[in-house]
4 protein chains.
Amino acid sequence: MDVIDLNCDMGESFGAWKMGSDAEMLNIVSSANVACGFHGGDPLVMFETVSRAKENGVGIGAHPSFFDVWGFGRRQIQGENPQDIEKMVVYQIGALQAVARAVGHRVGHVKSHGTLANLAAVDRTTALAIGRAIAALDPELIYVVMAGTELERAARELNLRMAREIYADRAYDDSGNLLSRKLPGAVLHDPEEAAARVQAMVREGAIISTSGKRIPVAIDTICVHGDNPAAVAMAGLVRERLEQAGIAVRAMAGTVN
Amino acid sequence: MDVIDLNCDMGESFGAWKMGSDAEMLNIVSSANVACGFHGGDPLVMFETVSRAKENGVGIGAHPSFFDVWGFGRRQIQGENPQDIEKMVVYQIGALQAVARAVGHRVGHVKSHGTLANLAAVDRTTALAIGRAIAALDPELIYVVMAGTELERAARELNLRMAREIYADRAYDDSGNLLSRKLPGAVLHDPEEAAARVQAMVREGAIISTSGKRIPVAIDTICVHGDNPAAVAMAGLVRERLEQAGIAVRAMAGTVN
Amino acid sequence: MDVIDLNCDMGESFGAWKMGSDAEMLNIVSSANVACGFHGGDPLVMFETVSRAKENGVGIGAHPSFFDVWGFGRRQIQGENPQDIEKMVVYQIGALQAVARAVGHRVGHVKSHGTLANLAAVDRTTALAIGRAIAALDPELIYVVMAGTELERAARELNLRMAREIYADRAYDDSGNLLSRKLPGAVLHDPEEAAARVQAMVREGAIISTSGKRIPVAIDTICVHGDNPAAVAMAGLVRERLEQAGIAVRAMAGTVN
Amino acid sequence: MDVIDLNCDMGESFGAWKMGSDAEMLNIVSSANVACGFHGGDPLVMFETVSRAKENGVGIGAHPSFFDVWGFGRRQIQGENPQDIEKMVVYQIGALQAVARAVGHRVGHVKSHGTLANLAAVDRTTALAIGRAIAALDPELIYVVMAGTELERAARELNLRMAREIYADRAYDDSGNLLSRKLPGAVLHDPEEAAARVQAMVREGAIISTSGKRIPVAIDTICVHGDNPAAVAMAGLVRERLEQAGIAVRAMAGTVN
């Protein structure tokens, strides 16, 4: 039987401010990317998120970011020293590992957030910096990467376990890259369309571009969102269609090279 | 041969701001209490501090605080939920443990900072909250306590290793408690006086009050400061006088009950 | 015709995090207490809030707080120097005055937030510190106070314009003080009950206690909330009942002594 | 008699962390660029700085930054909406104006900080955003600009008073631009050389490049630094040499177009 992971960003509330539909998403996904306090999340939110994930049998991963709470890790911060990025990521993973230990769960993966993720996809030194942080802490940790990017190359180079990710709601071009958000149709809004496409991509082991082209890639995990009710509904349908096609949804296992 | 630990707060710089004479103090003390980002310190400062401590053969401990960077963990924050304090401390210890792992060092102790420390000394639930965080992460961690306070009682109750601490530069009353900072003579400024008193307290296994009274206590570690040149000089003299008396300065080992 | 003000806290979003039902509340109230960045709010949120208030003909006031974004100004911070509180409040009022100037609106009042407000109600030096900040910046600014508290005494002592406030959803005891939130019935949840009581209090010029006792006070403004749909509904009904009773809702004017 | 202004960044301490030699620099310069809390400074530091400036007869200006305390406004933050930058700058100027009002001083100029300043020098929309913030608050405010940059063009376009600035310790190329910090000799370390060059530039009304070329420009203010003892010494000598040449040091007046 085919198996796939569904991952979602969670635990991005901060202090008095709530964000996301974590409770609902924990019934849909198999992996939670948990904010570690640098763009969202705080110790209280992290404990809550990890505890709920454990109760729901959902795997957890660190979701490290540039240090930019106000900017939610989305401001374009450039010129950072890769060594410094490594240190920032070590701190964040470690904080979550401690929370997981206290709760009786275990950090299984690392997926970078926001502009750190965008930068790492195209910049080798950043992708390697995140990878070195992972390697320094736990060689079993899975590095979540996008196929064909510097993230994937860094994971291979460092011999890390990795999980290749596709997006349920983003359009791909014929090279297998994400269509820029500036272009029309970059984001899928129709749940049925998105769910059917995900099902097809997983079954065929290929990214399906907007022109219908198939780009064969290993797919280990699918990113869904929980920002709003429409996103939650889409994520739910993605899971439903996968299961209807006989594809089981399970926390990512990671593959080595 | 008698053995004692000297501990000092370190790594309290933040971003562009420097604080403390860490480089000099690492030549004097055997244990560094490392700020974890909640009152000072950041991932870069923590890596630097832990790396330098390792090079100098200095042990490290987490120095957790209330979440209050601007107030440097010194604002009186009250009414916090003890469960929340536990989570805050778990996060901070975990972040430092990860830094230590990446650097090849090991977190050996935990000493709370500022108003969190002041509160824990007199409030049982706070002292226990910190203790539970320690117990949840690593039963080998040493809880630094002041003899006769709620900190010591919490360490005993939770069966944690502990290190009993005295202050090199603070006067004690006849009950063995610190003289309030509001009273004259609460802080010792004469390095020779402080060093001689420390030497006597360690040799006699007793706190020496301002009236000269001896209050027998186990003494495992002595807190010195590095805030300013005078403090550094005093700390250096404390070490010198201890060694002259045949007392070796070594990172705290901790005792159980 | 009788006239009364309805005030509500607004602009408490921060960065990526949203809070409150500001758009709806701007259709209900006549005065907005605008967060100034120390517990919520940021320059972008403040511009948005002040612009929308202006469009809706709603007056604005500064809503200063202890410096505690993570704690949302609700952590009990004690022992602050009153001089420092004054400086903190000056900064926050000034930032909002500049935003108002840029937008073409005007800061008309100051109402302290969270634990700063709680402290000022019972602590003379804190109430005076806030008052001095107001006096230093604009003698026309209205100090929002609760009748019978240190806030009111400070406003009188400094000869400031003031607006006496009652709460639409809080119960009062026979001394005219708020019933502690720890007691049952401290918060009114029934919109009709709250709206009818507000109407009666305004018409009679008296606080009505839980026992039905009337405590005559000048009432200039009524605090309503917009935290959740039920609060918004209650606020809307409060306005409706006031207008049905021939009481006009208008931005606070303030009275001197 | 010739007149020139000396300006220096000040008030960049934050909470428990000290920075700069403000007390000494206030005896040397005629204008202080005061941090407003977004990269350094806080209400307490701002009051202290403005009060000391007033006592020393030193003019003050706002020193706005990107919102990045940890990064000290030096992280390269890109892609910000110019409208948002304008709002950020309004907030910061307004906060300082209020502090000045409370102290009995007056904000006379605005000089942007760090990467915001670097960006504004080359990016028209950023330079205009800062300029619009100035125009919205006080048309008398002087916009500190570098001759030949987008800053100067923005000041002209918005018809703002401006002060053209040169650096005492930075080398210039033959186009009158700063030599990149990456090139050798970009920063002058010899106080006598720097002071003599400043004196010559002011007397000749020209930037003097590393090759000795004169590029005629209006010079209204000279930027000096107080980060370290060497910088303070250089600043002191700059003032001494200027006065020896009969050039009076006075707070900037600003010129229109």
# chains A, B, ... in the order shown; residues from 1 in each chain; ligands from 1
$ residues_around --residues "Met19 (chain A)" --least-positions-apart "5" --cutoff "10 Å" --atoms "only C-alpha atoms" --output "list in words"
Met10, Gly11, Glu12, Ser13, Phe14, Gly40, Gly41, Gly226, Asp227 and Asn228 of chain A; Ala16, Trp17, Lys18 and Met19 of chain C
$ write_last_selection --atoms "N, CA and C atoms" --output "PDB file, in the first residue's frame"
ATOM      1  N   MET A  10       2.156  24.675  12.357  1.00  0.00           N
ATOM      2  CA  MET A  10       1.304  24.821  13.540  1.00  0.00           C
ATOM      3  C   MET A  10       2.033  25.554  14.663  1.00  0.00           C
ATOM      4  N   GLY A  11       1.257  25.828  15.693  1.00  0.00           N
ATOM      5  CA  GLY A  11       1.862  26.444  16.871  1.00  0.00           C
ATOM      6  C   GLY A  11       2.397  27.829  16.586  1.00  0.00           C
ATOM      7  N   GLU A  12       1.717  28.574  15.723  1.00  0.00           N
ATOM      8  CA  GLU A  12       2.212  29.898  15.362  1.00  0.00           C
ATOM      9  C   GLU A  12       1.485  31.013  16.120  1.00  0.00           C
ATOM     10  N   SER A  13       0.735  30.651  17.118  1.00  0.00           N
ATOM     11  CA  SER A  13       0.199  31.672  18.019  1.00  0.00           C
ATOM     12  C   SER A  13       1.368  32.268  18.807  1.00  0.00           C
ATOM     13  N   PHE A  14       1.124  33.397  19.455  1.00  0.00           N
ATOM     14  CA  PHE A  14       2.201  34.062  20.200  1.00  0.00           C
ATOM     15  C   PHE A  14       1.575  34.879  21.313  1.00  0.00           C
ATOM     16  N   GLY A  40       6.992  32.891  15.533  1.00  0.00           N
ATOM     17  CA  GLY A  40       5.725  32.646  16.196  1.00  0.00           C
ATOM     18  C   GLY A  40       6.006  31.540  17.183  1.00  0.00           C
ATOM     19  N   GLY A  41       4.988  31.233  17.978  1.00  0.00           N
ATOM     20  CA  GLY A  41       5.203  30.221  19.002  1.00  0.00           C
ATOM     21  C   GLY A  41       5.928  30.818  20.194  1.00  0.00           C
ATOM     22  N   GLY A 226      -3.513  25.573   7.183  1.00  0.00           N
ATOM     23  CA  GLY A 226      -4.651  25.663   8.096  1.00  0.00           C
ATOM     24  C   GLY A 226      -4.947  27.096   8.477  1.00  0.00           C
ATOM     25  N   ASP A 227      -4.569  28.025   7.606  1.00  0.00           N
ATOM     26  CA  ASP A 227      -4.690  29.449   7.928  1.00  0.00           C
ATOM     27  C   ASP A 227      -6.123  29.913   8.024  1.00  0.00           C
ATOM     28  N   ASN A 228      -7.000  29.296   7.271  1.00  0.00           N
ATOM     29  CA  ASN A 228      -8.373  29.778   7.214  1.00  0.00           C
ATOM     30  C   ASN A 228      -9.296  28.600   6.926  1.00  0.00           C
TER      31      ASN A 228
ATOM     32  N   ALA C  16       1.795  39.888  12.230  1.00  0.00           N
ATOM     33  CA  ALA C  16       0.938  38.969  11.477  1.00  0.00           C
ATOM     34  C   ALA C  16      -0.306  38.545  12.237  1.00  0.00           C
ATOM     35  N   TRP C  17      -0.391  38.925  13.521  1.00  0.00           N
ATOM     36  CA  TRP C  17      -1.477  38.427  14.364  1.00  0.00           C
ATOM     37  C   TRP C  17      -2.624  39.425  14.472  1.00  0.00           C
ATOM     38  N   LYS C  18      -3.815  38.945  14.240  1.00  0.00           N
ATOM     39  CA  LYS C  18      -4.995  39.795  14.325  1.00  0.00           C
ATOM     40  C   LYS C  18      -5.674  39.621  15.673  1.00  0.00           C
ATOM     41  N   MET C  19      -6.303  40.680  16.124  1.00  0.00           N
ATOM     42  CA  MET C  19      -7.077  40.605  17.368  1.00  0.00           C
ATOM     43  C   MET C  19      -8.227  41.596  17.298  1.00  0.00           C
TER      44      MET C  19
END
$ residues_around --residues "Ser211 (chain D)" --least-positions-apart "2" --cutoff "8 Å" --atoms "only C-alpha atoms" --output "PyMOL selection string"
chain D and resi 173-174+208-209+213
$ select_by_dssp --residues "region 59-215 of chain D" --states "alpha helix (DSSP H)" --output "PyMOL selection string"
chain D and resi 82-103+114-122+124-137+150-157+191-204
$ atom_distance --atom1 "CA of Ile219 (chain D)" --atom2 "CA of Gly205 (chain D)"
6.4 Å
$ residues_around --residues "Ala35 (chain D)" --least-positions-apart "3" --cutoff "10 Å" --atoms "only C-alpha atoms" --output "VMD selection string"
chain D and resid 9 to 14 32 38 to 43 45 to 46 49 61 to 65 92 to 93 96 111 to 113
$ write_last_selection --atoms "N, CA and C atoms" --output "PDB file, in the first residue's frame"
ATOM      1  N   ASP D   9      25.524  59.701  16.419  1.00  0.00           N
ATOM      2  CA  ASP D   9      24.448  58.822  16.891  1.00  0.00           C
ATOM      3  C   ASP D   9      24.557  58.662  18.404  1.00  0.00           C
ATOM      4  N   MET D  10      23.426  58.741  19.081  1.00  0.00           N
ATOM      5  CA  MET D  10      23.420  58.613  20.543  1.00  0.00           C
ATOM      6  C   MET D  10      22.174  57.886  21.021  1.00  0.00           C
ATOM      7  N   GLY D  11      22.188  57.619  22.309  1.00  0.00           N
ATOM      8  CA  GLY D  11      21.001  57.016  22.914  1.00  0.00           C
ATOM      9  C   GLY D  11      20.720  55.631  22.379  1.00  0.00           C
ATOM     10  N   GLU D  12      21.770  54.881  22.073  1.00  0.00           N
ATOM     11  CA  GLU D  12      21.573  53.540  21.513  1.00  0.00           C
ATOM     12  C   GLU D  12      21.711  52.440  22.558  1.00  0.00           C
ATOM     13  N   SER D  13      21.763  52.821  23.821  1.00  0.00           N
ATOM     14  CA  SER D  13      21.641  51.814  24.881  1.00  0.00           C
ATOM     15  C   SER D  13      20.233  51.232  24.819  1.00  0.00           C
ATOM     16  N   PHE D  14      20.046  50.098  25.502  1.00  0.00           N
ATOM     17  CA  PHE D  14      18.734  49.440  25.483  1.00  0.00           C
ATOM     18  C   PHE D  14      18.583  48.634  26.765  1.00  0.00           C
ATOM     19  N   ALA D  32      22.718  65.616  18.128  1.00  0.00           N
ATOM     20  CA  ALA D  32      22.649  64.208  18.497  1.00  0.00           C
ATOM     21  C   ALA D  32      21.528  63.535  17.717  1.00  0.00           C
ATOM     22  N   PHE D  38      13.615  51.447  17.849  1.00  0.00           N
ATOM     23  CA  PHE D  38      13.450  50.405  16.828  1.00  0.00           C
ATOM     24  C   PHE D  38      14.754  49.666  16.513  1.00  0.00           C
ATOM     25  N   HIS D  39      15.882  50.234  16.901  1.00  0.00           N
ATOM     26  CA  HIS D  39      17.152  49.495  16.759  1.00  0.00           C
ATOM     27  C   HIS D  39      17.947  49.595  18.056  1.00  0.00           C
ATOM     28  N   GLY D  40      17.607  50.538  18.876  1.00  0.00           N
ATOM     29  CA  GLY D  40      18.241  50.804  20.151  1.00  0.00           C
ATOM     30  C   GLY D  40      17.443  51.919  20.768  1.00  0.00           C
ATOM     31  N   GLY D  41      17.801  52.239  22.000  1.00  0.00           N
ATOM     32  CA  GLY D  41      17.019  53.262  22.687  1.00  0.00           C
ATOM     33  C   GLY D  41      15.740  52.676  23.240  1.00  0.00           C
ATOM     34  N   ASP D  42      15.257  53.283  24.266  1.00  0.00           N
ATOM     35  CA  ASP D  42      13.950  52.969  24.844  1.00  0.00           C
ATOM     36  C   ASP D  42      13.511  54.255  25.532  1.00  0.00           C
ATOM     37  N   PRO D  43      12.277  54.328  26.031  1.00  0.00           N
ATOM     38  CA  PRO D  43      11.828  55.612  26.587  1.00  0.00           C
ATOM     39  C   PRO D  43      12.761  56.168  27.660  1.00  0.00           C
ATOM     40  N   VAL D  45      16.052  55.646  28.053  1.00  0.00           N
ATOM     41  CA  VAL D  45      17.288  56.100  27.410  1.00  0.00           C
ATOM     42  C   VAL D  45      17.036  57.389  26.629  1.00  0.00           C
ATOM     43  N   MET D  46      15.886  57.459  25.985  1.00  0.00           N
ATOM     44  CA  MET D  46      15.578  58.653  25.200  1.00  0.00           C
ATOM     45  C   MET D  46      15.451  59.887  26.090  1.00  0.00           C
ATOM     46  N   THR D  49      18.903  60.874  27.175  1.00  0.00           N
ATOM     47  CA  THR D  49      19.692  61.452  26.083  1.00  0.00           C
ATOM     48  C   THR D  49      19.235  62.873  25.763  1.00  0.00           C
ATOM     49  N   GLY D  61      17.936  65.088  16.944  1.00  0.00           N
ATOM     50  CA  GLY D  61      17.178  64.630  15.785  1.00  0.00           C
ATOM     51  C   GLY D  61      16.745  63.196  15.994  1.00  0.00           C
ATOM     52  N   ALA D  62      15.714  62.794  15.263  1.00  0.00           N
ATOM     53  CA  ALA D  62      15.268  61.399  15.326  1.00  0.00           C
ATOM     54  C   ALA D  62      16.175  60.552  14.439  1.00  0.00           C
ATOM     55  N   HIS D  63      16.417  59.337  14.881  1.00  0.00           N
ATOM     56  CA  HIS D  63      17.326  58.423  14.177  1.00  0.00           C
ATOM     57  C   HIS D  63      16.558  57.122  13.902  1.00  0.00           C
ATOM     58  N   PRO D  64      15.576  57.203  12.995  1.00  0.00           N
ATOM     59  CA  PRO D  64      14.688  56.053  12.800  1.00  0.00           C
ATOM     60  C   PRO D  64      15.366  54.900  12.067  1.00  0.00           C
ATOM     61  N   SER D  65      14.816  53.730  12.287  1.00  0.00           N
ATOM     62  CA  SER D  65      15.412  52.485  11.799  1.00  0.00           C
ATOM     63  C   SER D  65      14.317  51.521  11.360  1.00  0.00           C
ATOM     64  N   GLN D  92       8.330  56.698  15.046  1.00  0.00           N
ATOM     65  CA  GLN D  92       9.581  56.945  15.763  1.00  0.00           C
ATOM     66  C   GLN D  92       9.828  58.437  15.990  1.00  0.00           C
ATOM     67  N   ILE D  93       9.583  59.239  14.968  1.00  0.00           N
ATOM     68  CA  ILE D  93       9.764  60.685  15.149  1.00  0.00           C
ATOM     69  C   ILE D  93       8.796  61.185  16.227  1.00  0.00           C
ATOM     70  N   LEU D  96       9.853  60.509  19.765  1.00  0.00           N
ATOM     71  CA  LEU D  96      10.933  61.400  20.211  1.00  0.00           C
ATOM     72  C   LEU D  96      10.422  62.825  20.401  1.00  0.00           C
ATOM     73  N   LYS D 111      17.595  61.771  10.804  1.00  0.00           N
ATOM     74  CA  LYS D 111      18.652  61.082  10.066  1.00  0.00           C
ATOM     75  C   LYS D 111      18.411  59.591  10.209  1.00  0.00           C
ATOM     76  N   SER D 112      18.211  58.906   9.101  1.00  0.00           N
ATOM     77  CA  SER D 112      17.882  57.484   9.175  1.00  0.00           C
ATOM     78  C   SER D 112      19.114  56.660   9.535  1.00  0.00           C
ATOM     79  N   HIS D 113      18.841  55.470  10.073  1.00  0.00           N
ATOM     80  CA  HIS D 113      19.891  54.624  10.663  1.00  0.00           C
ATOM     81  C   HIS D 113      20.141  53.355   9.849  1.00  0.00           C
TER      82      HIS D 113
END
$ interface_residues --of "chain A" --to "chain D" --cutoff "7 Å" --atoms "only C-alpha atoms" --output "PyMOL selection string"
chain A and resi 75-79
$ write_last_selection --atoms "N, CA, C and O atoms" --output "mmCIF file, in the first residue's frame"
data_model
loop_
_atom_site.group_PDB
_atom_site.id
_atom_site.type_symbol
_atom_site.label_atom_id
_atom_site.label_comp_id
_atom_site.auth_asym_id
_atom_site.auth_seq_id
_atom_site.Cartn_x
_atom_site.Cartn_y
_atom_site.Cartn_z
ATOM 1 N N ARG A 75 9.900 38.744 6.565
ATOM 2 C CA ARG A 75 10.657 39.850 5.993
ATOM 3 C C ARG A 75 11.902 39.289 5.315
ATOM 4 O O ARG A 75 12.520 38.342 5.807
ATOM 5 N N GLN A 76 12.250 39.884 4.206
ATOM 6 C CA GLN A 76 13.451 39.425 3.491
ATOM 7 C C GLN A 76 14.689 39.929 4.208
ATOM 8 O O GLN A 76 15.083 41.078 4.060
ATOM 9 N N ILE A 77 15.283 39.057 4.981
ATOM 10 C CA ILE A 77 16.508 39.398 5.690
ATOM 11 C C ILE A 77 17.667 38.747 4.950
ATOM 12 O O ILE A 77 17.674 37.545 4.723
ATOM 13 N N GLN A 78 18.601 39.575 4.517
ATOM 14 C CA GLN A 78 19.685 39.055 3.683
ATOM 15 C C GLN A 78 21.040 39.323 4.299
ATOM 16 O O GLN A 78 21.188 40.149 5.186
ATOM 17 N N GLY A 79 22.023 38.609 3.774
ATOM 18 C CA GLY A 79 23.392 38.860 4.182
ATOM 19 C C GLY A 79 23.762 38.230 5.505
ATOM 20 O O GLY A 79 24.839 38.489 6.046
#
$ residues_around --residues "Ala248 (chain B)" --least-positions-apart "2" --cutoff "8 Å" --atoms "only C-alpha atoms" --output "VMD selection string"
chain B and resid 1 to 4 242 to 243 246 250
